[in-house]
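Asks: Next comes target.txt, compact mmCIF, C-alpha atoms and all ligand atoms:
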# COMPACT_ATOMS: atom_id res chain seq x y z
CA MET A 92 0.00 0.00 0.00
CA GLU A 93 1.18 3.49 -0.83
CA PRO A 94 1.68 5.87 2.17
CA LEU A 95 -0.74 8.76 2.35
CA PRO A 96 0.77 11.76 0.54
CA ALA A 97 0.15 14.10 3.47
CA ALA A 98 2.08 11.95 5.96
CA THR A 99 5.59 12.88 4.78
CA PRO A 100 6.25 16.49 3.83
CA SER A 101 7.85 16.84 0.44
CA VAL A 102 11.35 18.19 -0.04
CA ALA A 103 9.83 21.35 -1.49
CA THR A 104 7.76 21.95 1.64
CA LEU A 105 10.79 21.45 3.86
CA CYS A 106 12.84 23.86 1.76
CA GLY A 107 9.99 26.35 1.95
CA TRP A 108 9.91 26.19 5.75
CA ALA A 109 13.69 26.36 5.99
CA LEU A 110 13.56 29.52 3.88
CA VAL A 111 10.86 31.05 6.07
CA VAL A 112 12.83 30.26 9.23
CA CYS A 113 16.01 31.71 7.71
CA LEU A 114 14.18 34.89 6.70
CA LEU A 115 12.72 35.25 10.18
CA ILE A 116 16.12 34.77 11.81
CA VAL A 117 17.86 37.23 9.50
CA ASN A 118 15.10 39.77 10.08
CA ILE A 119 14.52 39.05 13.75
CA LYS A 120 15.10 42.70 14.64
CA GLY A 121 12.04 43.70 12.59
CA LEU A 122 9.56 41.17 13.99
CA PRO A 123 6.63 42.36 16.11
CA PHE A 124 7.43 42.97 19.80
CA VAL A 125 11.15 42.32 19.33
CA HIS A 126 11.93 46.00 19.84
CA SER A 127 10.07 45.98 23.17
CA ILE A 128 11.63 42.71 24.24
CA ARG A 129 15.10 44.10 23.56
CA LEU A 130 14.32 47.01 25.88
CA LEU A 131 13.40 44.73 28.79
CA PRO A 132 16.93 44.30 30.19
CA SER A 133 17.30 48.09 30.26
CA LEU A 134 13.96 48.44 32.02
CA TYR A 135 15.15 45.94 34.59
CA ARG A 136 18.40 47.87 35.14
CA LEU A 137 16.42 51.09 35.55
CA LEU A 138 14.11 49.58 38.15
CA ARG A 139 16.65 47.45 40.02
CA PRO A 140 17.99 50.22 42.30
CA ARG A 141 14.41 51.25 43.15
CA LEU A 142 13.25 47.73 43.93
CA PHE A 143 16.28 46.53 45.85
CA SER A 144 17.62 49.80 47.19
CA SER A 145 21.06 49.16 48.57
CA PRO A 146 23.06 51.68 50.57
CA MET A 147 24.56 54.01 48.04
CA LYS A 148 28.27 53.86 47.57
CA GLY A 149 30.39 56.80 46.61
CA SER A 150 27.69 59.37 47.04
CA THR A 151 25.77 60.65 49.96
CA SER A 152 22.29 61.58 48.89
CA LYS A 153 19.62 61.16 46.32
CA PRO A 154 19.47 63.96 43.81
CA THR A 155 16.92 66.58 44.63
CA ALA A 156 15.08 68.91 42.35
CA ASP A 157 16.82 71.83 44.01
CA SER A 158 20.42 72.14 43.01
CA THR A 159 22.80 70.20 45.19
CA PRO A 160 26.35 71.42 45.88
CA ALA A 161 27.54 69.17 43.05
CA ALA A 162 25.17 70.86 40.65
CA ALA A 163 26.13 74.41 41.61
CA ALA A 164 26.62 76.17 38.33
CA ASP A 165 30.33 76.97 38.31
CA ALA A 166 31.83 74.51 40.79
CA PRO A 167 34.65 72.59 39.13
CA LEU A 168 33.79 68.96 38.59
CA SER A 169 36.07 66.13 37.68
CA ALA A 170 34.66 62.85 36.46
CA ARG A 171 35.02 59.12 36.42
CA PRO A 172 36.13 57.92 32.98
CA ARG A 173 32.79 56.16 32.63
CA LEU A 174 31.04 59.51 32.32
CA PHE A 175 32.04 59.85 28.66
CA GLN A 176 32.66 56.18 27.90
CA HIS A 177 31.09 54.89 24.70
CA HIS A 178 28.57 52.08 24.78
CA ILE A 179 28.86 50.10 21.54
CA THR A 180 26.33 47.71 20.03
CA HIS A 181 26.28 45.97 16.65
CA SER A 182 23.40 45.87 14.20
CA ARG A 183 22.52 45.16 10.59
CA ALA A 184 20.13 46.67 8.05
CA VAL A 185 17.42 43.98 7.81
CA LEU A 186 14.56 43.69 5.29
CA SER A 187 12.10 45.59 7.44
CA ASP A 188 14.59 48.49 7.70
CA LEU A 189 14.73 49.07 3.95
CA ASP A 190 12.83 51.75 2.06
CA VAL A 191 11.99 52.13 -1.63
CA ASN A 192 15.57 53.12 -2.46
CA ILE A 193 16.73 49.73 -1.06
CA HIS A 194 18.70 51.49 1.65
CA LYS A 195 18.17 51.49 5.37
CA SER A 196 15.29 53.90 5.80
CA ASN A 197 16.28 57.08 7.58
CA SER A 198 13.38 56.74 10.00
CA THR A 199 14.71 53.42 11.36
CA PHE A 200 17.83 55.05 12.81
CA PHE A 201 15.71 56.26 15.70
CA ALA A 202 14.49 52.83 16.78
CA ASP A 203 18.04 51.45 16.63
CA ALA A 204 19.39 54.31 18.69
CA ASP A 205 16.64 53.76 21.25
CA ILE A 206 18.01 50.40 22.33
CA ASN A 207 21.65 51.47 22.44
CA ARG A 208 20.87 54.65 24.39
CA ALA A 209 18.60 52.85 26.85
CA GLU A 210 21.41 50.39 27.57
CA LEU A 211 23.92 53.16 28.15
CA LEU A 212 21.59 55.19 30.32
CA THR A 213 20.58 52.29 32.53
CA ARG A 214 24.09 50.86 32.83
CA TRP A 215 25.80 54.09 33.81
CA LEU A 216 23.03 56.10 35.40
CA SER A 217 20.48 53.86 37.14
CA ARG A 218 21.73 54.86 40.58
CA GLY A 219 21.20 58.53 39.74
CA LEU A 220 17.74 57.88 38.36
CA VAL A 221 16.11 56.56 41.51
CA GLY A 222 14.05 59.67 42.17
CA CYS A 223 13.33 60.60 38.58
CA VAL A 224 12.90 59.27 35.05
CA PRO A 225 14.65 60.51 31.94
CA ILE A 226 12.06 61.86 29.50
CA LEU A 227 13.00 61.93 25.84
CA ALA A 228 12.54 65.58 24.92
CA ALA A 229 14.11 65.82 21.45
CA VAL A 230 16.11 63.84 18.89
CA GLN A 231 18.09 65.25 16.00
CA CYS A 232 19.79 63.12 13.35
CA THR A 233 22.35 64.13 10.74
CA PHE A 234 22.47 61.56 7.93
CA VAL A 235 25.94 61.35 6.44
CA ARG A 236 25.77 58.34 4.13
CA GLU A 237 23.38 55.55 3.29
CA ILE A 238 23.50 52.03 4.73
CA GLY A 239 22.96 49.34 2.08
CA PRO A 240 20.78 46.23 2.51
CA PHE A 241 22.08 43.72 5.07
CA LYS A 242 25.15 45.87 5.77
CA ALA A 243 26.42 45.65 9.32
CA TYR A 244 27.06 48.79 11.36
CA ASP A 245 27.96 49.73 14.92
CA LEU A 246 26.16 52.11 17.23
CA SER A 247 28.29 54.00 19.69
CA SER A 248 26.72 56.33 22.26
CA ARG A 249 28.06 58.45 25.05
CA ILE A 250 26.90 61.21 27.35
CA LEU A 251 27.69 64.33 25.35
CA CYS A 252 27.01 67.27 27.65
CA TRP A 253 24.43 68.89 29.89
CA ASP A 254 23.11 72.25 31.00
CA GLU A 255 20.90 73.17 33.96
CA LYS A 256 17.88 71.39 32.51
CA SER A 257 18.84 68.90 29.85
CA LEU A 258 21.15 65.97 29.44
CA PHE A 259 22.40 65.36 25.89
CA MET A 260 23.56 62.06 24.46
CA VAL A 261 25.31 61.47 21.14
CA THR A 262 24.91 58.28 19.09
CA TYR A 263 27.21 57.56 16.16
CA PHE A 264 26.27 55.07 13.44
CA LEU A 265 29.64 53.76 12.29
CA LYS A 266 31.23 51.28 9.94
CA PRO A 267 31.90 48.10 11.94
CA ARG A 268 35.00 48.17 14.15
CA THR A 269 35.54 51.92 13.78
CA THR A 270 37.07 53.41 16.90
CA LEU A 271 36.76 57.14 17.28
CA PRO A 272 40.03 58.50 18.73
CA SER A 273 38.97 59.64 22.16
CA ASP A 274 41.18 62.76 22.22
CA VAL A 275 39.62 64.14 19.02
CA GLU A 276 36.10 62.99 19.81
CA LEU A 277 35.98 64.00 23.47
CA ALA A 278 37.62 67.41 23.14
CA GLY A 279 35.94 68.40 19.88
CA GLY A 280 32.63 66.54 20.06
CA PRO A 281 30.72 65.31 17.00
CA ALA A 282 31.78 68.41 15.06
CA ALA A 283 35.43 67.34 15.24
CA VAL A 284 34.53 63.86 13.98
CA LEU A 285 32.53 65.22 11.05
CA GLN A 286 35.25 67.72 10.14
CA ASP A 287 37.98 65.06 10.10
CA TRP A 288 37.87 63.63 6.60
CA SER A 289 39.22 60.18 7.45
CA LEU A 290 36.81 59.78 10.39
CA ARG A 291 33.82 61.16 8.49
CA ARG A 292 34.21 58.36 5.93
CA CYS A 293 33.36 55.85 8.67
CA VAL A 294 30.23 57.67 9.86
CA TYR A 295 26.73 56.84 8.59
CA ALA A 296 24.85 59.18 10.88
CA VAL A 297 25.16 61.23 14.06
CA LEU A 298 22.17 61.44 16.34
CA VAL A 299 21.76 63.70 19.36
CA THR A 300 19.16 63.12 22.04
CA ARG A 301 17.97 65.55 24.67
CA TYR A 302 16.68 64.13 27.94
CA VAL A 303 14.98 65.93 30.78
CA CYS A 304 14.95 64.14 34.15
CA LYS A 305 11.54 64.50 35.74
CA GLY A 306 10.62 63.52 39.27
CA LYS A 307 7.43 63.70 41.30
CA ALA A 308 5.07 66.55 40.38
CA ARG A 309 7.05 66.96 37.13
CA LYS A 310 9.95 68.61 38.92
CA THR A 311 13.06 68.85 36.77
CA PHE A 312 16.24 67.35 38.22
CA ALA A 313 19.52 69.04 37.34
CA PRO A 314 21.52 66.62 35.16
CA ALA A 315 24.72 67.40 37.08
CA ALA A 316 23.03 66.24 40.29
CA VAL A 317 21.88 63.03 38.62
CA LEU A 318 25.40 62.40 37.30
CA ALA A 319 26.87 63.10 40.74
CA THR A 320 24.48 60.69 42.43
CA ALA A 321 25.34 58.06 39.85
CA GLY A 322 28.94 58.50 40.98
CA LEU A 323 30.10 59.82 37.61
CA LEU A 324 30.79 63.43 38.56
CA VAL A 325 33.02 64.23 41.49
CA SER A 326 33.35 67.69 42.94
CA GLY A 327 36.88 69.07 42.83
CA VAL A 328 39.37 69.89 40.14
CA GLY A 329 41.17 66.56 39.97
CA THR A 330 44.86 66.33 39.19
CA PRO A 331 46.07 64.80 35.94
CA GLY A 332 46.87 61.15 36.47
CA GLU A 333 44.87 60.89 39.69
CA LYS A 334 43.68 57.33 40.13
CA GLU A 335 40.15 56.46 41.10
CA SER A 336 39.26 53.43 43.20
CA GLY A 337 38.45 51.28 40.16
CA GLY A 338 41.97 51.81 38.78
CA GLY A 339 41.03 54.16 35.94
CA GLN A 340 42.20 57.75 35.83
CA LEU A 341 39.89 60.56 36.84
CA LEU A 342 39.10 63.07 34.14
CA THR A 343 40.17 66.50 35.35
CA ALA A 344 37.74 69.41 35.56
CA ASP A 345 39.51 70.96 32.54
CA ILE A 346 38.77 67.96 30.34
CA VAL A 347 35.17 67.76 31.54
CA GLU A 348 34.60 71.46 30.96
CA LYS A 349 36.07 71.33 27.47
CA ALA A 350 34.04 68.28 26.51
CA VAL A 351 30.80 69.82 27.78
CA LYS A 352 31.55 73.08 25.97
CA SER A 353 32.18 71.47 22.59
CA GLY A 354 29.15 69.24 23.10
CA MET A 355 26.92 72.22 23.82
CA GLU A 356 28.28 74.02 20.76
CA TYR A 357 27.33 71.08 18.55
CA VAL A 358 23.89 70.86 20.13
CA GLY A 359 23.38 74.61 19.75
CA GLY A 360 24.27 74.38 16.07
CA CYS A 361 21.94 71.56 15.14
CA MET A 362 19.19 71.33 17.67
CA VAL A 363 18.14 74.22 19.84
C1 LIG B 401 18.25 59.62 3.88
O1 LIG B 401 19.58 60.00 4.16
C2 LIG B 401 20.43 59.96 3.04
C3 LIG B 401 21.83 60.25 3.52
O2 LIG B 401 22.30 59.15 4.20
C4 LIG B 401 19.93 60.95 2.01
O3 LIG B 401 20.78 60.93 0.88
C5 LIG B 401 18.52 60.61 1.60
O4 LIG B 401 18.01 61.58 0.73
C6 LIG B 401 17.62 60.49 2.82
N1 LIG B 401 16.37 59.92 2.40
C7 LIG B 401 15.19 60.48 2.65
C8 LIG B 401 14.00 59.76 2.12
O5 LIG B 401 15.09 61.52 3.26
What do you get writing this file as structure tokens?

Replies:
Amino acid sequence: MEPLPAATPSVATLCGWALVVCLLIVNIKGLPFVHSIRLLPSLYRLLRPRLFSSPMKGSTSKPTADSTPAAAADAPLSARPRLFQHHITHSRAVLSDLDVNIHKSNSTFFADADINRAELLTRWLSRGLVGCVPILAAVQCTFVREIGPFKAYDLSSRILCWDEKSLFMVTYFLKPRTTLPSDVELAGGPAAVLQDWSLRRCVYAVLVTRYVCKGKARKTFAPAAVLATAGLLVSGVGTPGEKESGGGQLLTADIVEKAVKSGMEYVGGCMV
């Protein structure tokens, strides 16, 4: 007796399913809910210090909406190296990212940056964000060159600068394995990267995000206070070469001031 045709799937059916599974895996980033699921670890990191509040190390108080000594406008502040450290993630232009020109659609840069920024913010700043939440107030993106289909790229974000109200973050979309020389990038900000011809060739886009930290009753928290509570800003001038407890070198107040100034200049030129 012949077996029933439906009992064993044909080679063609198997190939069809294999193709579907491959397509889903390659495009996993674009599937429904995946974006939200990828944000879950960051949400956990944000909530962890609130849920299991441990005695704070390295800082004395929660940030308050009124300016704390650390946030006093002109007090010199040195910083832990982590303050400006880049957080790098890798990504690829998948099918759902593409637009009619068969390039990564410009609108999809924002969703990508979301994940990378959320990781940075919750890794470095969770301890400073116990009494408030960072609200996304504005995003600006400068598109430098197109990303072709299925091309890989890196996202690299850091805290750019801050003023009394807003905290700014920069996100670079880069060719894979590009390292931005920290002296050029930190001292000169995104402008220095875009003006340097050899660096600019490795940049797909530069995105700047403005956050406002809001607490109860929509009170605005000074970013410097949040950074101080997170243990990233330290009051005092700092001497070059001074070691911090973790072994890294403290950034002196000079370096911090210069970095914030060039960051604010870039922001002023493209955003405000
Ligand atoms: C997207 O950005 C590229 C630069 O990377 C630009 O050439 C293109 O015109 C933009 N596309 C749209 C639809 O705005």

Asks: Taking only C-alpha atoms and all ligand atoms into account, which residues are within 10 Å of ligand LIG 401 (chain B), as a list of chain:residue names?

Replies: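 Listed by chain and ascending number, the contacts are A:Asp190, A:Val191, A:Asn192, A:His194, A:Lys195, A:Ser196, A:Asn197, A:Ser198, A:Cys232, A:Thr233, A:Phe234, A:Val235, A:Arg236, A:Glu237, A:Ile238, A:Val294, A:Tyr295, A:Ala296.
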
Asks: Give me, as a list in words, all polymer residues having an atom no more than 10 Å from A:Gln231, counting only C-alpha atoms and skipping those fewer than 5 positions away in the same chain.

Replies: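 Here the qualifying residues turn out to be Phe201, Val261, Val297, Leu298, Val299, Thr300, Arg301, Val358, Cys361, Met362 and Val363 of chain A.
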
Asks: Let me see the file: selected residues, C-alpha atoms, as a compact mmCIF listing (two decimals), keeping the file's coordinate frame.

Replies:
# COMPACT_ATOMS: atom_id res chain seq x y z
CA PHE A 201 15.71 56.26 15.70
CA VAL A 261 25.31 61.47 21.14
CA VAL A 297 25.16 61.23 14.06
CA LEU A 298 22.17 61.44 16.34
CA VAL A 299 21.76 63.70 19.36
CA THR A 300 19.16 63.12 22.04
CA ARG A 301 17.97 65.55 24.67
CA VAL A 358 23.89 70.86 20.13
CA CYS A 361 21.94 71.56 15.14
CA MET A 362 19.19 71.33 17.67
CA VAL A 363 18.14 74.22 19.84

Asks: Could you work out how far atom CA of A:Ala229 lies from atom CA of A:Arg173, giving the answer in Å with one decimal?

Replies: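 We find that atom CA of A:Arg173 and atom CA of A:Ala229 lie 23.8 Å from each other.
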
Asks: When you look at stretch 345-347 of chain A with a cut-off of 8 Å (counting all atoms listed in the file), what residues show up, excluding the ones that are within fewer than 3 positions of it in the same chain? I need them as a list in words.

Replies: Leu168, Ser169, Ala170, Ala278, Val328, Leu342, Ala350 and Val351 of chain A

Asks: Output C-alpha atoms of each residue in that selection to a file, as a CSV table (one decimal), in the frame of the given file.

Replies:
chain,number,residue,atom,x,y,z
A,168,LEU,CA,33.8,69.0,38.6
A,169,SER,CA,36.1,66.1,37.7
A,170,ALA,CA,34.7,62.8,36.5
A,278,ALA,CA,37.6,67.4,23.1
A,328,VAL,CA,39.4,69.9,40.1
A,342,LEU,CA,39.1,63.1,34.1
A,350,ALA,CA,34.0,68.3,26.5
A,351,VAL,CA,30.8,69.8,27.8

Asks: Could you tell me how far atom CA of A:Leu130 lies from atom CA of A:Asp203, in Å and to one decimal?

Replies: 10.9 Å

Asks: Which one is closest to A:Asp205: A:Ser127, A:Val275, A:Leu137, A:Tyr244? Count all atoms listed in the file.

Replies: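 Answer, going by the shortest atom-to-atom distance: A:Ser127.
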
Asks: For A:Ser217, find every residue with an atom within 9 Å (counting only C-alpha atoms), except residues of its own chain fewer than 5 positions away, and show them as a PDB file with C-alpha atoms, in the coordinates of the input.

Replies:
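Below you can see selection09.pdb, which holds the result:
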ATOM      1  CA  ARG A 136      18.400  47.870  35.140  1.00  0.00           C
ATOM      2  CA  LEU A 137      16.420  51.090  35.550  1.00  0.00           C
ATOM      3  CA  LEU A 138      14.110  49.580  38.150  1.00  0.00           C
ATOM      4  CA  ARG A 139      16.650  47.450  40.020  1.00  0.00           C
ATOM      5  CA  PRO A 140      17.990  50.220  42.300  1.00  0.00           C
ATOM      6  CA  ARG A 141      14.410  51.250  43.150  1.00  0.00           C
ATOM      7  CA  LEU A 212      21.590  55.190  30.320  1.00  0.00           C
ATOM      8  CA  ALA A 321      25.340  58.060  39.850  1.00  0.00           C
TER       9      ALA A 321
END
